[in-house]
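J.: So here's data-v7.txt, just compact mmCIF, C-alpha atoms:
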# COMPACT_ATOMS: atom_id res chain seq x y z
CA MET R 1 -1.08 -31.97 1.06
CA ILE R 2 -0.06 -34.16 -1.87
CA VAL R 3 -2.72 -32.52 -4.03
CA LEU R 4 -1.52 -29.03 -3.02
CA ALA R 5 2.07 -29.99 -3.74
CA GLY R 6 1.07 -31.20 -7.18
CA VAL R 7 -0.82 -27.97 -7.87
CA GLY R 8 2.17 -25.95 -6.68
CA GLU R 9 4.53 -27.83 -8.99
CA SER R 10 2.14 -27.27 -11.90
CA PHE R 11 2.09 -23.52 -11.23
CA GLN R 12 5.87 -23.48 -10.92
CA GLN R 13 6.32 -25.23 -14.27
CA THR R 14 3.79 -22.93 -15.91
CA ALA R 15 5.54 -19.83 -14.57
CA ALA R 16 9.02 -21.05 -15.48
CA SER R 17 8.46 -22.47 -18.94
CA GLY R 18 4.78 -22.33 -19.92
CA PRO R 19 3.11 -19.96 -22.41
CA LEU R 20 3.71 -16.37 -21.34
CA LEU R 21 0.07 -15.33 -20.96
CA LEU R 22 -0.71 -18.44 -18.92
CA ALA R 23 2.41 -17.85 -16.82
CA LEU R 24 1.37 -14.25 -16.12
CA GLY R 25 -2.04 -15.46 -14.97
CA ALA R 26 -0.45 -18.06 -12.70
CA CYS R 27 1.80 -15.41 -11.14
CA MET R 28 -1.09 -13.02 -10.53
CA LEU R 29 -3.01 -15.81 -8.81
CA ALA R 30 0.04 -16.60 -6.68
CA GLY R 31 0.19 -12.93 -5.70
CA LEU R 32 -3.46 -13.01 -4.62
CA VAL R 33 -2.73 -16.05 -2.46
CA SER R 34 0.22 -14.23 -0.90
CA PHE R 35 -2.03 -11.37 0.21
CA ALA R 36 -3.87 -13.75 2.55
CA SER R 37 -0.62 -15.01 4.08
CA PRO R 38 1.46 -13.72 7.04
CA CYS R 39 4.08 -12.55 4.54
CA VAL R 40 2.15 -9.36 3.86
CA VAL R 41 1.86 -8.33 7.53
CA PRO R 42 4.79 -5.85 7.36
CA LEU R 43 2.99 -3.94 4.59
CA VAL R 44 -0.34 -3.67 6.39
CA PRO R 45 0.08 -1.29 9.39
CA GLY R 46 1.56 1.58 7.42
CA TYR R 47 -0.83 1.07 4.53
CA LEU R 48 -3.92 1.08 6.74
CA SER R 49 -2.65 4.20 8.51
CA TYR R 50 -2.10 5.92 5.18
CA LEU R 51 -5.47 4.74 3.92
CA ALA R 52 -7.31 6.04 6.99
CA GLY R 53 -5.72 9.46 6.62
CA LEU R 54 -6.30 9.64 2.88
CA VAL R 55 -9.89 8.40 2.98
CA GLY R 56 -10.70 10.85 5.77
CA ALA R 57 -9.13 13.68 3.79
CA GLU R 58 -11.04 12.85 0.63
CA ALA R 59 -14.44 12.44 2.32
CA PRO R 60 -17.15 14.76 0.99
CA PRO R 61 -18.75 17.21 3.42
CA ALA R 62 -21.51 15.91 5.67
CA THR R 63 -25.02 16.83 4.59
CA ALA R 64 -27.24 19.09 6.68
CA ALA R 65 -29.21 16.08 7.89
CA GLU R 66 -26.03 14.24 8.90
CA ALA R 67 -24.63 17.36 10.57
CA LYS R 68 -27.58 17.42 12.99
CA GLY R 69 -26.05 14.40 14.66
CA LEU R 70 -23.12 16.60 15.66
CA GLY R 71 -25.24 18.73 17.99
CA GLY R 72 -24.78 21.88 15.95
CA LYS R 73 -21.16 22.35 16.97
CA PRO R 74 -19.43 25.19 15.13
CA GLY R 75 -17.27 24.06 12.29
CA SER R 76 -18.72 20.56 12.29
CA VAL R 77 -19.82 20.80 8.68
CA ALA R 78 -16.94 20.84 6.24
CA VAL R 79 -16.95 23.31 3.37
CA ALA R 80 -16.94 21.85 -0.09
CA ASP R 81 -13.86 22.47 -2.20
CA ARG R 82 -15.90 23.69 -5.15
CA ALA R 83 -19.44 24.95 -4.89
CA VAL R 84 -20.10 24.09 -8.54
CA ALA R 85 -19.46 20.38 -8.03
CA SER R 86 -22.36 18.14 -7.06
CA PRO R 87 -21.95 15.77 -4.08
CA GLU R 88 -21.94 12.84 -6.50
CA GLN R 89 -19.10 14.36 -8.52
CA VAL R 90 -17.10 15.12 -5.38
CA ALA R 91 -17.61 11.56 -4.13
CA ARG R 92 -16.65 10.04 -7.47
CA ARG R 93 -13.49 12.12 -7.72
CA GLY R 94 -12.59 11.23 -4.14
CA ARG R 95 -13.06 7.50 -4.71
CA MET R 96 -10.94 7.53 -7.84
CA ARG R 97 -8.24 9.58 -6.14
CA VAL R 98 -8.06 7.20 -3.19
CA ALA R 99 -7.98 4.15 -5.49
CA GLY R 100 -5.32 5.85 -7.62
CA ALA R 101 -3.18 6.53 -4.56
CA ALA R 102 -3.51 2.87 -3.58
CA GLY R 103 -2.40 1.91 -7.09
CA LEU R 104 0.68 4.11 -6.73
CA PHE R 105 1.41 2.49 -3.36
CA VAL R 106 1.35 -0.90 -5.10
CA ALA R 107 3.57 0.47 -7.87
CA GLY R 108 6.08 1.63 -5.27
CA PHE R 109 6.55 -1.77 -3.64
CA THR R 110 6.47 -3.45 -7.07
CA VAL R 111 9.44 -1.42 -8.29
CA VAL R 112 11.48 -2.20 -5.18
CA PHE R 113 10.64 -5.90 -5.29
CA VAL R 114 11.54 -6.13 -8.97
CA LEU R 115 14.84 -4.34 -8.42
CA ALA R 116 15.61 -6.52 -5.40
CA THR R 117 14.99 -9.82 -7.20
CA ALA R 118 15.98 -9.31 -10.83
CA THR R 119 19.78 -9.31 -10.99
CA VAL R 120 19.65 -8.08 -14.57
CA PHE R 121 19.39 -4.57 -13.13
CA GLY R 122 22.50 -5.02 -11.01
CA VAL R 123 21.07 -3.10 -8.09
CA ILE R 124 20.62 -5.83 -5.47
CA GLN R 125 23.88 -4.99 -3.72
CA THR R 126 23.08 -1.29 -3.77
CA LEU R 127 19.69 -1.88 -2.18
CA ASN R 128 21.12 -4.19 0.46
CA VAL R 129 23.92 -1.81 1.42
CA ASN R 130 21.67 1.24 1.59
CA ARG R 131 18.51 -0.42 2.88
CA GLU R 132 18.86 0.99 6.39
CA LEU R 133 19.52 4.52 5.14
CA LEU R 134 16.60 4.31 2.70
CA GLN R 135 14.32 3.16 5.50
CA ARG R 136 15.40 6.09 7.66
CA ILE R 137 14.68 8.54 4.83
CA GLY R 138 11.38 6.83 4.20
CA GLY R 139 10.57 7.15 7.89
CA VAL R 140 11.04 10.92 7.71
CA VAL R 141 8.73 11.07 4.67
CA THR R 142 6.16 8.94 6.49
CA ILE R 143 6.26 11.20 9.55
CA LEU R 144 5.78 14.26 7.31
CA MET R 145 2.77 12.67 5.63
CA GLY R 146 1.27 11.86 9.02
CA LEU R 147 1.73 15.44 10.23
CA VAL R 148 0.06 16.73 7.08
CA PHE R 149 -2.92 14.45 7.62
CA ILE R 150 -3.19 15.65 11.22
CA GLY R 151 -3.05 19.26 10.02
CA LEU R 152 0.24 20.36 11.56
CA VAL R 153 1.87 21.53 8.31
CA PRO R 154 -0.04 24.72 7.39
CA ALA R 155 1.87 25.17 4.13
CA LEU R 156 0.34 21.96 2.82
CA GLN R 157 -3.21 22.54 4.04
CA ARG R 158 -6.14 24.30 2.45
CA ASP R 159 -8.13 26.96 4.22
CA THR R 160 -11.57 25.43 3.65
CA ARG R 161 -10.79 21.90 4.82
CA MET R 162 -7.96 20.31 6.72
CA GLU R 163 -7.04 18.42 3.60
CA PRO R 164 -3.58 17.56 2.24
CA ARG R 165 -2.76 18.62 -1.27
CA ARG R 166 -2.47 16.01 -3.96
CA LEU R 167 1.31 16.35 -3.88
CA THR R 168 1.40 15.00 -0.35
CA SER R 169 -1.28 12.33 -0.60
CA ILE R 170 -0.78 11.05 -4.14
CA ALA R 171 2.94 11.57 -4.76
CA GLY R 172 3.72 10.19 -1.32
CA ALA R 173 1.94 6.90 -2.07
CA PRO R 174 4.66 5.25 -4.22
CA LEU R 175 7.34 6.44 -1.79
CA LEU R 176 5.46 4.84 1.08
CA GLY R 177 5.04 1.60 -0.89
CA ALA R 178 8.74 1.52 -1.66
CA VAL R 179 9.68 2.11 1.98
CA PHE R 180 7.59 -0.77 3.24
CA ALA R 181 8.83 -3.06 0.48
CA LEU R 182 12.36 -2.66 1.85
CA GLY R 183 11.25 -4.56 4.95
CA TRP R 184 8.91 -6.98 3.19
CA THR R 185 9.64 -10.69 3.52
CA PRO R 186 7.47 -12.52 0.95
CA CYS R 187 6.79 -16.23 1.40
CA LEU R 188 8.55 -18.30 -1.23
CA GLY R 189 5.88 -20.53 -2.67
CA PRO R 190 6.75 -22.75 -5.65
CA THR R 191 5.45 -20.20 -8.18
CA LEU R 192 7.45 -17.27 -6.80
CA SER R 193 10.52 -19.51 -6.41
CA GLY R 194 10.24 -20.48 -10.07
CA VAL R 195 9.85 -16.86 -11.14
CA MET R 196 12.89 -15.77 -9.14
CA ALA R 197 14.91 -18.63 -10.62
CA VAL R 198 14.00 -17.42 -14.09
CA SER R 199 14.84 -13.77 -13.39
CA ALA R 200 18.03 -14.27 -11.38
CA GLY R 201 21.35 -14.53 -13.16
CA THR R 202 19.85 -14.37 -16.66
CA ASP R 203 19.81 -11.86 -19.46
CA GLY R 204 18.05 -11.18 -22.72
CA THR R 205 14.60 -12.62 -23.33
CA THR R 206 14.71 -14.88 -20.28
CA ALA R 207 15.42 -11.97 -17.96
CA VAL R 208 12.60 -9.93 -19.52
CA ARG R 209 10.24 -12.85 -18.95
CA GLY R 210 11.34 -13.09 -15.32
CA VAL R 211 10.76 -9.39 -14.71
CA ALA R 212 7.33 -9.55 -16.38
CA LEU R 213 6.36 -12.47 -14.15
CA ILE R 214 7.53 -10.67 -10.99
CA VAL R 215 5.46 -7.63 -11.99
CA ALA R 216 2.44 -9.89 -12.56
CA TYR R 217 2.96 -11.41 -9.10
CA CYS R 218 3.05 -7.94 -7.53
CA LEU R 219 -0.07 -6.90 -9.44
CA GLY R 220 -1.91 -9.90 -8.06
CA LEU R 221 -0.66 -9.07 -4.58
CA GLY R 222 -1.56 -5.40 -5.00
CA LEU R 223 -5.09 -5.85 -6.36
CA PRO R 224 -6.63 -6.42 -2.89
CA PHE R 225 -4.89 -3.25 -1.65
CA VAL R 226 -6.63 -1.22 -4.37
CA ILE R 227 -9.98 -2.90 -3.76
CA LEU R 228 -9.63 -2.22 -0.03
CA ALA R 229 -8.96 1.46 -0.71
CA PHE R 230 -11.86 1.80 -3.13
CA GLY R 231 -14.21 0.03 -0.73
CA SER R 232 -13.11 2.15 2.21
CA ALA R 233 -13.70 5.36 0.28
CA SER R 234 -17.14 4.17 -0.84
CA ALA R 235 -18.09 3.18 2.72
CA LEU R 236 -17.05 6.56 4.07
CA ARG R 237 -19.28 8.28 1.53
CA GLY R 238 -22.29 6.09 2.16
CA VAL R 239 -22.48 6.01 5.97
CA GLY R 240 -23.48 9.18 7.78
CA TRP R 241 -21.52 8.48 10.98
CA LEU R 242 -18.31 7.87 9.07
CA ARG R 243 -18.76 11.03 7.05
CA ARG R 244 -19.44 13.09 10.17
CA ASN R 245 -16.28 11.71 11.75
CA SER R 246 -14.07 11.77 8.65
CA ARG R 247 -11.78 14.35 10.26
CA THR R 248 -11.29 12.11 13.31
CA ILE R 249 -10.50 9.17 11.02
CA GLN R 250 -7.99 11.33 9.19
CA ILE R 251 -6.27 12.40 12.43
CA ILE R 252 -6.07 8.81 13.69
CA GLY R 253 -4.51 7.75 10.39
CA GLY R 254 -2.01 10.59 10.64
CA ILE R 255 -1.04 9.67 14.20
CA LEU R 256 -0.52 6.05 13.20
CA LEU R 257 1.58 7.14 10.21
CA VAL R 258 3.78 9.24 12.50
CA ALA R 259 4.20 6.22 14.79
CA VAL R 260 5.19 4.00 11.86
CA GLY R 261 7.58 6.68 10.62
CA ILE R 262 9.24 6.92 14.03
CA ALA R 263 9.61 3.14 14.04
CA LEU R 264 11.32 3.33 10.64
CA VAL R 265 13.70 6.10 11.74
CA THR R 266 14.65 4.46 15.04
CA GLY R 267 15.03 0.94 13.66
CA ALA R 268 12.10 -0.47 15.64
CA TRP R 269 10.48 -1.33 12.32
CA ASP R 270 13.24 -3.83 11.53
CA GLN R 271 12.70 -5.44 14.92
CA PHE R 272 8.99 -5.72 14.20
CA VAL R 273 9.62 -7.29 10.79
CA ALA R 274 12.15 -9.70 12.29
CA TRP R 275 9.61 -10.75 14.94
CA VAL R 276 6.93 -11.29 12.28
CA ARG R 277 9.36 -13.28 10.15
CA ASP R 278 10.46 -15.51 13.01
CA ALA R 279 6.98 -15.97 14.49
CA PHE R 280 4.85 -16.32 11.38
CA VAL R 281 6.73 -16.33 8.09
CA SER R 282 9.77 -18.59 8.48
CA GLU R 283 7.79 -21.83 8.38
CA VAL R 284 5.14 -20.66 5.92
CA THR R 285 5.08 -22.33 2.50
CA LEU R 286 2.46 -21.09 0.09
CA PRO R 287 0.50 -23.74 -1.87
CA ILE R 288 1.23 -22.00 -5.17
Take the structure in the file and give it back as structure tokens.
T.:
Amino acid sequence: MIVLAGVGESFQQTAASGPLLLALGACMLAGLVSFASPCVVPLVPGYLSYLAGLVGAEAPPATAAEAKGLGGKPGSVAVADRAVASPEQVARRGRMRVAGAAGLFVAGFTVVFVLATATVFGVIQTLNVNRELLQRIGGVVTILMGLVFIGLVPALQRDTRMEPRRLTSIAGAPLLGAVFALGWTPCLGPTLSGVMAVSAGTDGTTAVRGVALIVAYCLGLGLPFVILAFGSASALRGVGWLRRNSRTIQIIGGILLVAVGIALVTGAWDQFVAWVRDAFVSEVTLPI
């Protein structure tokens, strides 16, 4: 414990007053550590629901050999979006699109976390006052995304595949990240505490440094989210059973998104976050 405390103090000093590049690296590492902590639990259910729906939507069509496992049921083989594209090209585009959506999700919660911690922007009070309203609006958006994934919004579906348009899947990602960030309770390890001390109540160069360090922390926290998305998309394209059942995976993700959205609208989400905070987060102190 003494060794961990010493390491934590070293990271805190580096983040607060060390060379900028070294401080950015320390903050990214602290973000990575945070991902493995209970603090991130409020971000996970909605993200995994979104990821399941998006990965299922972006899955390439099952091959003829894989389709045989479906018993020859009508409509079991999805139609490719573009006949001119090879399966490899379709898979590559799908992987990059899913990873890009995950990156936008991370960008969404990064923006909210920066605005909520850096007083230089003067928006903390605005966020606090309107947090409940913003969560309700975000819940409606989340429900809409879930319904699109399920296939219940014909205007946003294509005829060849039950697939949401990019506007729904990609543009909705940062909105979803921002919504979940409103209920996020990060653990205050020594590094993050030092960063927040630098960014709060300061201006000029010091404030810019604080914001840069907070962004670096969020990038470290968000990197596993992107890797998870990329890996999930790759797995879905490499395993026949997953590809044959991509539509089922998409529907399950949509249903879960609708459930999370309802929780946001009704206020049950706040109760869930409060339970997580009291049960797991309140006594957690990160080593760095």
J.: Which one is closest to R:Pro287: R:Ala57, R:Ser234, R:Ile214, R:Thr191? Count only C-alpha atoms.
T.: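 Smallest distance to R:Pro287 is found for R:Thr191.
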J.: For stretch 101-104 of chain R, work out the shell of residues within 8 Å, counting only C-alpha atoms and skipping chain neighbours fewer than 6 positions away, then give it as a list in words.
T.: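 Those residues are Leu51, Ser169, Ile170, Ala171, Ala173, Pro174, Gly177, Gly222, Phe225, Val226 and Ala229 of chain R.
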J.: What is the distance, in Å and to one decimal place, between atom CA of R:Glu283 and atom CA of R:Cys187?
T.: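 So the two atoms, atom CA of R:Glu283 and atom CA of R:Cys187, lie 9.0 Å apart.
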J.: Taking only C-alpha atoms into account, which of R:Gly172, R:Gly253, R:Gly108, R:Gly31 comes nearest R:Gly139?
T.: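 Using only C-alpha atoms, the shortest distance to R:Gly139 belongs to R:Gly172.
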J.: Rank R:Met145, R:Ile137, R:Leu192, R:Val265 by their smallest atom-to-atom distance to R:Leu54, using all atoms listed in the file, and report the top residue only.
T.: R:Met145
J.: Identify which of the residues R:Gly56, R:Pro38, R:Pro190, R:Gly254 lies closest to R:Arg277, counting only C-alpha atoms when measuring atom-to-atom distances.
T.: R:Pro38
J.: To one decimal in Å, tell me the separation between atom CA of R:Leu32 and atom CA of R:Val179.
T.: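 Taking atom CA of R:Leu32 and atom CA of R:Val179, their separation equals 21.1 Å.
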J.: Given all atoms listed in the file as the basis, pick out the residue of R:Gly231, R:Gly261, R:Gly210, R:Gly94 nearest to R:Gly46.
T.: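 Under the stated criterion, the closest residue is R:Gly261.
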J.: What separation in Å, quoted to one decimal, exists between atom CA of R:Val40 and atom CA of R:Ala263?
T.: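 Interatomic distance, atom CA of R:Val40 to atom CA of R:Ala263: 17.8 Å.
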J.: At a cut-off of 10 Å around the point (-7.5, -9.7, -4.3) (file coordinates), what residues fall inside when counting all atoms listed in the file? I'd like the answer as number ranges by chain.
T.: R: 28-29, 31-36, 219-228
J.: Take the point (-3.2, -16.1, -16.0) as written in the file and pick out every residue within 12 Å of it, counting all atoms listed in the file; give the list as a PyMOL selection string.
T.: chain R and resi 11+14-15+18-32+213+216-217+219-220
J.: Point out the residue among R:Phe230, R:Trp241, R:Phe280, R:Trp275 with the least atom-to-atom distance to R:Arg97, counting only C-alpha atoms.
T.: R:Phe230
